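Structure data (compact mmCIF, C-alpha atoms) from upload_16.txt:
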# COMPACT_ATOMS: atom_id res chain seq x y z
CA MET A 1219 0.00 0.00 0.00
CA LYS A 1220 1.38 3.39 -0.97
CA ILE A 1221 1.27 5.84 1.89
CA SER A 1222 0.57 9.45 1.02
CA LEU A 1223 -0.05 12.66 2.90
CA ASP A 1224 -3.62 13.71 3.58
CA ASP A 1225 -5.29 16.94 4.55
CA LEU A 1226 -4.45 16.70 8.24
CA ASP A 1227 -0.77 16.00 7.49
CA HIS A 1228 -0.62 19.09 5.29
CA LYS A 1229 -2.27 21.21 8.00
CA ILE A 1230 0.30 20.01 10.54
CA LEU A 1231 3.12 20.86 8.11
CA GLN A 1232 1.64 24.28 7.53
CA ILE A 1233 1.88 25.07 11.25
CA LEU A 1234 5.42 23.68 11.37
CA GLU A 1235 6.47 25.88 8.45
CA SER A 1236 5.88 28.94 10.59
CA ASP A 1237 7.23 27.36 13.79
CA GLY A 1238 9.14 24.12 13.32
CA ARG A 1239 9.45 23.59 17.06
CA ALA A 1240 5.79 24.10 17.93
CA PRO A 1241 4.92 21.44 20.55
CA ALA A 1242 2.57 18.61 19.47
CA LYS A 1243 0.14 19.82 22.14
CA PHE A 1244 -0.05 23.29 20.57
CA ILE A 1245 -0.54 21.85 17.07
CA ALA A 1246 -3.29 19.57 18.41
CA GLU A 1247 -5.13 22.52 19.97
CA GLN A 1248 -4.88 24.57 16.77
CA LEU A 1249 -6.37 21.77 14.68
CA SER A 1250 -8.84 20.44 17.31
CA VAL A 1251 -7.43 16.93 17.25
CA ASN A 1252 -5.72 15.02 20.01
CA GLU A 1253 -2.04 15.19 20.76
CA VAL A 1254 -1.41 11.48 20.14
CA THR A 1255 -2.80 11.88 16.61
CA VAL A 1256 -0.39 14.74 15.94
CA SER A 1257 2.57 12.71 17.22
CA LYS A 1258 1.59 9.71 15.11
CA ARG A 1259 1.22 11.86 12.00
CA LEU A 1260 4.63 13.46 12.61
CA THR A 1261 6.23 10.02 12.84
CA LYS A 1262 4.57 9.04 9.57
CA ILE A 1263 5.69 12.24 7.81
CA ILE A 1264 9.30 12.03 8.99
CA GLU A 1265 9.92 8.29 9.04
CA GLY A 1266 8.03 7.86 5.79
CA GLY A 1267 10.69 10.09 4.18
CA PHE A 1268 8.20 12.76 3.08
CA CYS A 1269 9.71 15.66 5.00
CA LYS A 1270 12.34 16.53 7.51
CA ILE A 1271 12.04 19.16 10.19
CA ILE A 1272 15.54 20.36 10.82
CA ALA A 1273 17.66 23.43 11.40
CA ILE A 1274 19.39 24.81 8.34
CA ALA A 1275 22.59 26.67 9.15
CA ASP A 1276 23.95 29.69 7.31
CA PHE A 1277 27.38 28.50 6.23
CA GLU A 1278 28.75 32.03 5.83
CA LYS A 1279 27.79 32.95 9.40
CA CYS A 1280 29.31 29.65 10.57
CA GLY A 1281 32.68 30.69 9.13
CA PHE A 1282 32.56 29.18 5.64
CA GLU A 1283 33.11 32.39 3.74
CA HIS A 1284 33.65 31.01 0.26
CA LEU A 1285 30.95 29.24 -1.68
CA LEU A 1286 32.34 27.68 -4.85
CA PRO A 1287 30.01 26.50 -7.62
CA ILE A 1288 32.40 24.42 -9.74
CA GLY A 1289 31.74 22.70 -13.06
CA ILE A 1290 33.84 19.61 -13.74
CA ARG A 1291 34.53 17.72 -16.97
CA VAL A 1292 35.50 14.10 -16.62
CA HIS A 1293 36.84 11.30 -18.80
CA GLY A 1294 33.62 9.40 -19.58
CA GLU A 1295 34.45 6.03 -18.08
CA LYS A 1296 35.50 7.67 -14.78
CA LEU A 1297 32.27 9.65 -14.27
CA GLU A 1298 30.77 7.62 -11.44
CA GLU A 1299 34.09 7.08 -9.73
CA VAL A 1300 34.87 10.82 -9.70
CA ALA A 1301 31.35 11.65 -8.44
CA GLU A 1302 31.83 9.16 -5.58
CA ILE A 1303 35.21 10.60 -4.62
CA LEU A 1304 33.86 14.16 -4.67
CA SER A 1305 30.92 13.09 -2.48
CA GLN A 1306 33.33 11.93 0.18
CA LEU A 1307 35.06 15.29 0.49
CA ASN A 1308 33.98 17.26 3.56
CA GLU A 1309 34.09 20.67 1.93
CA VAL A 1310 31.80 19.50 -0.89
CA PHE A 1311 28.14 19.58 0.07
CA SER A 1312 26.45 19.01 -3.27
CA VAL A 1313 27.43 16.74 -6.15
CA ASN A 1314 25.22 16.42 -9.21
CA VAL A 1315 26.04 14.49 -12.39
CA VAL A 1316 24.77 16.58 -15.29
CA SER A 1317 24.42 16.50 -19.04
CA GLY A 1318 25.66 19.52 -20.95
CA ILE A 1319 28.94 21.42 -21.23
CA GLN A 1320 29.92 20.10 -17.81
CA ASP A 1321 29.73 16.51 -16.52
CA ILE A 1322 29.48 17.25 -12.81
CA GLU A 1323 28.35 20.32 -10.88
CA ILE A 1324 29.48 20.68 -7.29
CA LEU A 1325 28.99 23.19 -4.50
CA CYS A 1326 31.81 23.54 -2.07
CA ALA A 1327 32.26 25.70 1.04
CA THR A 1328 35.63 26.74 2.42
CA GLN A 1329 36.64 28.81 5.42
CA THR A 1330 39.60 30.76 4.04
CA LEU A 1331 41.26 31.80 0.79
CA GLN A 1332 44.05 29.34 1.67
CA GLU A 1333 41.55 26.46 1.83
CA THR A 1334 40.03 27.59 -1.46
CA LYS A 1335 43.46 27.54 -3.12
CA VAL A 1336 44.29 24.11 -1.74
CA PHE A 1337 40.95 22.75 -2.93
CA LEU A 1338 41.30 24.16 -6.46
CA ASP A 1339 45.04 23.66 -6.96
CA GLU A 1340 45.68 20.44 -5.04
CA THR A 1341 42.58 18.49 -4.04
CA LEU A 1342 40.74 18.57 -7.38
CA PRO A 1343 43.81 18.08 -9.64
CA SER A 1344 44.79 15.02 -7.59
CA ILE A 1345 41.57 13.18 -8.52
CA THR A 1346 42.20 10.81 -11.44
CA GLY A 1347 39.64 11.15 -14.20
CA ILE A 1348 39.05 14.89 -13.98
CA LYS A 1349 39.69 16.53 -17.36
CA SER A 1350 39.09 20.17 -16.49
CA ILE A 1351 37.43 22.39 -13.92
CA SER A 1352 35.49 25.65 -14.28
CA PRO A 1353 35.79 27.23 -10.86
CA ALA A 1354 33.97 30.25 -9.49
CA ILE A 1355 33.36 32.01 -6.21
CA ALA A 1356 29.80 33.06 -5.43
CA SER A 1357 30.22 36.77 -4.72
CA ASN A 1358 26.68 37.75 -3.80
CA VAL A 1359 23.98 35.16 -3.13
CA TYR A 1360 20.54 36.55 -3.99
CA LYS A 1361 18.48 33.44 -3.30
CA PHE A 1362 19.06 30.06 -1.66
CA GLU A 1363 15.88 28.04 -1.14
CA THR A 1364 15.87 24.68 0.58
CA ASP A 1365 12.23 23.70 0.97
CA TRP A 1366 12.50 21.00 -1.75
CA THR A 1367 15.72 18.99 -1.77
CA PRO A 1368 17.03 15.50 -2.40
CA PHE A 1369 17.37 13.43 0.78
CA ALA A 1370 20.17 11.14 -0.41
CA ASN A 1371 23.71 11.05 0.99
CA GLU A 1372 23.42 13.68 3.61
CA ALA A 1373 26.74 13.11 5.37
CA MET B 808 28.08 36.64 16.61
CA LYS B 809 30.84 34.27 17.71
CA LEU B 810 29.78 30.66 18.06
CA ASP B 811 31.07 28.55 20.94
CA GLN B 812 31.05 24.78 21.46
CA THR B 813 27.52 24.83 22.95
CA ASP B 814 26.14 26.71 19.92
CA LYS B 815 27.86 24.29 17.57
CA LYS B 816 26.46 21.27 19.43
CA ILE B 817 22.96 22.76 19.30
CA ILE B 818 23.29 23.44 15.54
CA GLN B 819 24.42 19.85 15.04
CA LEU B 820 21.56 18.34 17.06
CA LEU B 821 18.91 20.53 15.44
CA GLY B 822 20.43 19.78 12.04
CA ALA B 823 19.54 16.13 12.60
CA ASP B 824 16.14 16.68 14.21
CA ALA B 825 14.65 20.05 15.03
CA ARG B 826 11.84 18.40 17.02
CA MET B 827 14.23 17.38 19.81
CA SER B 828 13.10 19.02 23.05
CA ASN B 829 15.19 21.60 24.92
CA ASN B 830 15.31 19.18 27.83
CA GLN B 831 16.72 16.32 25.77
CA MET B 832 19.31 18.61 24.21
CA ALA B 833 20.31 19.98 27.59
CA LYS B 834 20.97 16.43 28.83
CA VAL B 835 23.02 15.46 25.76
CA ILE B 836 25.16 18.62 25.85
CA GLY B 837 25.40 18.86 29.64
CA VAL B 838 23.99 22.36 30.12
CA THR B 839 20.73 23.64 31.61
CA GLU B 840 17.44 23.73 29.74
CA GLY B 841 17.45 27.55 30.07
CA THR B 842 20.81 27.78 28.31
CA VAL B 843 19.53 25.68 25.42
CA ARG B 844 16.40 27.83 25.14
CA ASN B 845 18.38 31.11 25.15
CA ARG B 846 20.96 29.87 22.67
CA ILE B 847 18.36 28.63 20.18
CA GLN B 848 16.56 31.96 20.38
CA LYS B 849 19.82 33.86 19.71
CA LEU B 850 20.81 31.56 16.83
CA ILE B 851 17.46 32.12 15.18
CA GLU B 852 17.38 35.90 15.84
CA ASN B 853 20.83 36.31 14.30
CA LYS B 854 19.79 34.23 11.26
CA ILE B 855 22.49 31.68 11.92
CA ILE B 856 19.93 28.89 11.81
CA LYS B 857 16.41 28.57 10.52
CA ILE B 858 14.07 25.80 11.61
CA SER B 859 12.60 24.49 8.37
CA VAL B 860 10.32 21.92 6.88
CA ILE B 861 12.09 20.39 3.89
CA ASN B 862 10.31 18.22 1.37
CA ASN B 863 11.85 15.23 -0.37
CA ILE B 864 12.09 15.99 -4.10
CA ASN B 865 11.34 12.35 -4.85
CA ARG B 866 7.73 13.23 -3.96
CA MET B 867 7.62 15.22 -7.20
CA GLU B 868 6.65 13.07 -10.19
CA ASN B 869 9.39 14.18 -12.56
CA PRO B 870 11.64 16.69 -10.81
CA SER B 871 13.80 18.41 -13.42
CA VAL B 872 16.96 20.17 -12.42
CA ALA B 873 19.22 22.54 -14.36
CA PHE B 874 22.35 24.54 -13.60
CA VAL B 875 22.48 27.74 -15.63
CA GLY B 876 25.48 30.01 -16.14
CA LEU B 877 24.63 33.44 -17.50
CA ASP B 878 26.69 36.13 -19.13
CA VAL B 879 24.96 39.47 -18.85
CA GLU B 880 25.64 43.09 -19.62
CA THR B 881 27.56 44.40 -16.63
CA ARG B 882 25.07 47.10 -15.73
CA SER B 883 22.22 44.55 -15.81
CA LYS B 884 23.80 42.12 -13.35
CA ASP B 885 21.75 43.22 -10.36
CA SER B 886 18.45 43.53 -12.25
CA VAL B 887 18.86 40.09 -13.88
CA ALA B 888 19.76 38.52 -10.51
CA LYS B 889 16.66 40.09 -8.93
CA ALA B 890 14.42 39.02 -11.81
CA LEU B 891 15.74 35.44 -11.54
CA SER B 892 15.16 35.45 -7.76
CA LYS B 893 11.48 36.22 -8.35
CA MET B 894 10.97 33.08 -10.46
CA LYS B 895 9.44 30.27 -8.40
CA GLU B 896 11.44 27.49 -10.10
CA VAL B 897 14.74 29.29 -9.61
CA ARG B 898 16.05 28.01 -6.26
CA PHE B 899 19.50 29.54 -6.18
CA VAL B 900 20.92 32.73 -7.66
CA SER B 901 24.34 34.23 -7.17
CA THR B 902 26.73 36.59 -8.89
CA LEU B 903 30.07 34.93 -9.60
CA ILE B 904 33.75 35.73 -9.75
CA GLY B 905 34.97 33.63 -12.68
CA ARG B 906 33.16 31.17 -14.95
CA HIS B 907 30.10 33.34 -15.65
CA ASP B 908 28.55 36.56 -14.41
CA LEU B 909 25.64 34.80 -12.71
CA MET B 910 24.65 31.30 -11.82
CA ALA B 911 21.16 29.96 -11.21
CA PHE B 912 19.87 26.60 -10.13
CA ILE B 913 16.42 25.54 -11.32
CA LEU B 914 14.07 22.90 -9.98
CA ALA B 915 10.93 22.44 -12.06
CA GLU B 916 8.06 19.98 -11.67
CA ASP B 917 8.77 18.45 -15.11
CA VAL B 918 10.83 18.86 -18.28
CA THR B 919 8.18 20.94 -20.05
CA LYS B 920 8.16 23.48 -17.24
CA LEU B 921 11.97 23.41 -17.11
CA SER B 922 12.34 24.24 -20.79
CA LYS B 923 9.80 27.05 -20.47
CA VAL B 924 11.86 28.60 -17.64
CA LEU B 925 15.12 28.15 -19.56
CA TYR B 926 14.12 29.12 -23.07
CA GLU B 927 11.31 31.60 -22.49
CA ASP B 928 11.54 33.19 -19.05
CA ILE B 929 15.31 33.46 -18.65
CA SER B 930 16.35 34.09 -22.27
CA SER B 931 13.89 36.97 -22.55
CA LEU B 932 15.28 38.88 -19.55
CA PRO B 933 16.74 42.21 -20.71
CA GLY B 934 20.54 42.24 -20.40
CA VAL B 935 21.09 38.48 -20.78
CA ARG B 936 23.64 37.95 -23.56
CA PHE B 937 24.34 34.27 -23.30
CA SER B 938 23.35 31.35 -21.13
CA GLU B 939 24.70 27.84 -20.81
CA SER B 940 22.74 25.08 -19.10
CA SER B 941 23.50 21.63 -17.81
CA ILE B 942 20.65 19.30 -16.98
CA GLY B 943 20.86 17.42 -13.67
CA LEU B 944 20.85 13.64 -14.11
CA LYS B 945 21.65 12.32 -10.66
CA TYR B 946 22.44 13.62 -7.21
CA TYR B 947 25.37 11.89 -5.55
CA LYS B 948 25.33 14.15 -2.54
CA TYR B 949 23.27 16.97 -1.17
CA ASP B 950 23.67 18.27 2.35
CA TYR B 951 20.47 20.25 2.95
CA ARG B 952 21.69 21.39 6.36
CA TRP B 953 23.72 24.15 4.73
CA ALA B 954 22.33 27.21 2.97
CA ARG B 955 22.33 30.98 3.16
CA ILE B 956 19.58 32.45 5.33
CA LEU B 957 18.48 35.59 3.54
CA ASP B 958 15.62 38.01 4.17

Translate the structure described by the file into structure tokens.
Amino acid sequence: MKISLDDLDHKILQILESDGRAPAKFIAEQLSVNEVTVSKRLTKIIEGGFCKIIAIADFEKCGFEHLLPIGIRVHGEKLEEVAEILSQLNEVFSVNVVSGIQDIEILCATQTLQETKVFLDETLPSITGIKSISPAIASNVYKFETDWTPFANEA
Amino acid sequence: MKLDQTDKKIIQLLGADARMSNNQMAKVIGVTEGTVRNRIQKLIENKIIKISVINNINRMENPSVAFVGLDVETRSKDSVAKALSKMKEVRFVSTLIGRHDLMAFILAEDVTKLSKVLYEDISSLPGVRFSESSIGLKYYKYDYRWARILD
């Protein structure tokens, strides 16, 4: 049986969108249902993999001053291998295999110019299979939405 | 605002599960419930964290993703960036040093919608000289705990 979200689930999520830490008791009162129902629904929503209710941190305010959107071209047969290696790097928080001018798009966050240099001049060139990189530094971020995201490989 | 070990622990715990109670967190970190409460309030006020509901994109039928690099007339950089930010399907916009003038990330409900955004909405923005897109095929990693918290 395929589980999906119903009206009540969506109403609960609506309240959580304005206050993600609203207690189950408060949500129950708002929707005139009982608290156990709210808790059960939350378990279904989260454990069912529909949504997560988490804190998102501002990487710049946490000391990661450089955001690097980098395009990478790879020797075809090494595509998956390179994507796996990139995914294991701590400073890389997004890896997407793409079709177009580039083969892989990554987002990387570094704390200092020194770290940025090491990443671009040492870390990336040391990965076998990378043909070329198109590096950039995000100078002014206008928008960064996170309400719809992939859930895979979060480490 | 300077972050200490307690702040960092709180960010880490809330990054895994923002429904964890102040009491539970206080026990794990070894501080009082009042400290946890105050710290969370400060972290949120200073826009260091944001408690969010995030939706799994696999709930969309045919999520279509594109990375777009744009070259624009220099004086139009800000207006193009603002116009892109207003588009619902555009999830990320930034000016760049290197590579292109601007970069945008698009998430559309399907390929038809994606091509409309790429070839109608974006190409017709005044000041856009050239754009280059790559279509997302597969995510290997995405850490949704990191973002910029903007107004």

Review point. Which distance in Å separates CA of Ala1273 (chain A) and CA of Phe1362 (chain A), to one decimal?
Key: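 Between these atoms lies a distance of 14.7 Å.
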
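Of note, CA of Phe1268 (chain A) and CA of Leu1226 (chain A) are spaced 14.2 Å apart.
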
Exercise for review: Would you kindly report the residues of chain B within 8 Å of chain A, using only C-alpha atoms, as a ChimeraX atom specification?
Suggested key: /B:810,818,821-826,854-866,874,888-889,892,898-907,939-957

Exercise for review: Quick one: pull the distance between CA of Asp885 (chain B) and CA of Glu916 (chain B), Å, one decimal.
Suggested key: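 According to the coordinates, CA of Asp885 (chain B) and CA of Glu916 (chain B) are separated by 27.0 Å.
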
Practice item. Can you pull out every residue within 10 Å of Met894 (chain B), counting all atoms listed in the file, but drop anything in the same chain fewer than 2 positions away, and send it as a list in words? Key: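 My list of contacting residues is Lys889, Ala890, Leu891, Ser892, Glu896, Val897, Arg898, Ile913, Val924, Asp928 and Ile929 of chain B.
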
Exercise for review: Show which residues sit within 9 Å of Asp908 (chain B), as an MDAnalysis selection string. Count only C-alpha atoms, and ignore same-chain residues fewer than 5 positions away.
Suggested key: chainID B and resid 876:881 884 901:903

Output file for the residues above (C-alpha atoms, as a short mmCIF file (atom, residue, chain, number, x, y, z; two decimals), in the frame of the given file):
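Written file, result13.cif:
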data_model
loop_
_atom_site.label_atom_id
_atom_site.label_comp_id
_atom_site.auth_asym_id
_atom_site.auth_seq_id
_atom_site.Cartn_x
_atom_site.Cartn_y
_atom_site.Cartn_z
CA GLY B 876 25.48 30.01 -16.14
CA LEU B 877 24.63 33.44 -17.50
CA ASP B 878 26.69 36.13 -19.13
CA VAL B 879 24.96 39.47 -18.85
CA GLU B 880 25.64 43.09 -19.62
CA THR B 881 27.56 44.40 -16.63
CA LYS B 884 23.80 42.12 -13.35
CA SER B 901 24.34 34.23 -7.17
CA THR B 902 26.73 36.59 -8.89
CA LEU B 903 30.07 34.93 -9.60
#

Check your understanding: Residues at most 9 Å from region 1333-1337 of chain A, counting all atoms listed in the file, excluding those fewer than 5 positions away in the same chain, as a PyMOL selection string?
Key -> chain A and resi 1284+1286+1309+1327-1328+1342-1343

Review point. Using all atoms listed in the file, which of the listed residues (B:Asn869, B:Asn830, B:Gln819, B:Ser930) sits closest to Arg844 (chain B)?
Key: B:Asn830

Check your understanding: When distances are computed from all atoms listed in the file, which of A:Thr1255, A:Asn1308, A:Ser1350, A:Ser1250 shows the smallest separation from Leu1338 (chain A)?
Key -> A:Ser1350

Please extract region 1249-1288 of chain A and write it out with C-alpha atoms, as a PDB file, in the first residue's frame.
ATOM      1  CA  LEU A1249      -6.374  21.768  14.682  1.00  0.00           C
ATOM      2  CA  SER A1250      -8.835  20.445  17.308  1.00  0.00           C
ATOM      3  CA  VAL A1251      -7.435  16.931  17.247  1.00  0.00           C
ATOM      4  CA  ASN A1252      -5.723  15.025  20.011  1.00  0.00           C
ATOM      5  CA  GLU A1253      -2.037  15.190  20.760  1.00  0.00           C
ATOM      6  CA  VAL A1254      -1.405  11.475  20.135  1.00  0.00           C
ATOM      7  CA  THR A1255      -2.805  11.876  16.609  1.00  0.00           C
ATOM      8  CA  VAL A1256      -0.385  14.743  15.936  1.00  0.00           C
ATOM      9  CA  SER A1257       2.575  12.711  17.218  1.00  0.00           C
ATOM     10  CA  LYS A1258       1.585   9.712  15.105  1.00  0.00           C
ATOM     11  CA  ARG A1259       1.222  11.857  12.002  1.00  0.00           C
ATOM     12  CA  LEU A1260       4.631  13.456  12.605  1.00  0.00           C
ATOM     13  CA  THR A1261       6.229  10.020  12.841  1.00  0.00           C
ATOM     14  CA  LYS A1262       4.566   9.037   9.568  1.00  0.00           C
ATOM     15  CA  ILE A1263       5.695  12.238   7.812  1.00  0.00           C
ATOM     16  CA  ILE A1264       9.295  12.025   8.990  1.00  0.00           C
ATOM     17  CA  GLU A1265       9.925   8.288   9.039  1.00  0.00           C
ATOM     18  CA  GLY A1266       8.029   7.865   5.790  1.00  0.00           C
ATOM     19  CA  GLY A1267      10.688  10.089   4.180  1.00  0.00           C
ATOM     20  CA  PHE A1268       8.201  12.758   3.076  1.00  0.00           C
ATOM     21  CA  CYS A1269       9.708  15.661   4.999  1.00  0.00           C
ATOM     22  CA  LYS A1270      12.342  16.531   7.505  1.00  0.00           C
ATOM     23  CA  ILE A1271      12.040  19.162  10.188  1.00  0.00           C
ATOM     24  CA  ILE A1272      15.544  20.358  10.817  1.00  0.00           C
ATOM     25  CA  ALA A1273      17.657  23.433  11.400  1.00  0.00           C
ATOM     26  CA  ILE A1274      19.390  24.807   8.335  1.00  0.00           C
ATOM     27  CA  ALA A1275      22.594  26.667   9.154  1.00  0.00           C
ATOM     28  CA  ASP A1276      23.953  29.694   7.309  1.00  0.00           C
ATOM     29  CA  PHE A1277      27.384  28.504   6.233  1.00  0.00           C
ATOM     30  CA  GLU A1278      28.752  32.027   5.830  1.00  0.00           C
ATOM     31  CA  LYS A1279      27.790  32.946   9.397  1.00  0.00           C
ATOM     32  CA  CYS A1280      29.308  29.648  10.567  1.00  0.00           C
ATOM     33  CA  GLY A1281      32.676  30.692   9.128  1.00  0.00           C
ATOM     34  CA  PHE A1282      32.559  29.181   5.642  1.00  0.00           C
ATOM     35  CA  GLU A1283      33.112  32.391   3.741  1.00  0.00           C
ATOM     36  CA  HIS A1284      33.654  31.010   0.262  1.00  0.00           C
ATOM     37  CA  LEU A1285      30.945  29.244  -1.677  1.00  0.00           C
ATOM     38  CA  LEU A1286      32.340  27.683  -4.847  1.00  0.00           C
ATOM     39  CA  PRO A1287      30.014  26.497  -7.623  1.00  0.00           C
ATOM     40  CA  ILE A1288      32.396  24.420  -9.743  1.00  0.00           C
TER      41      ILE A1288
END
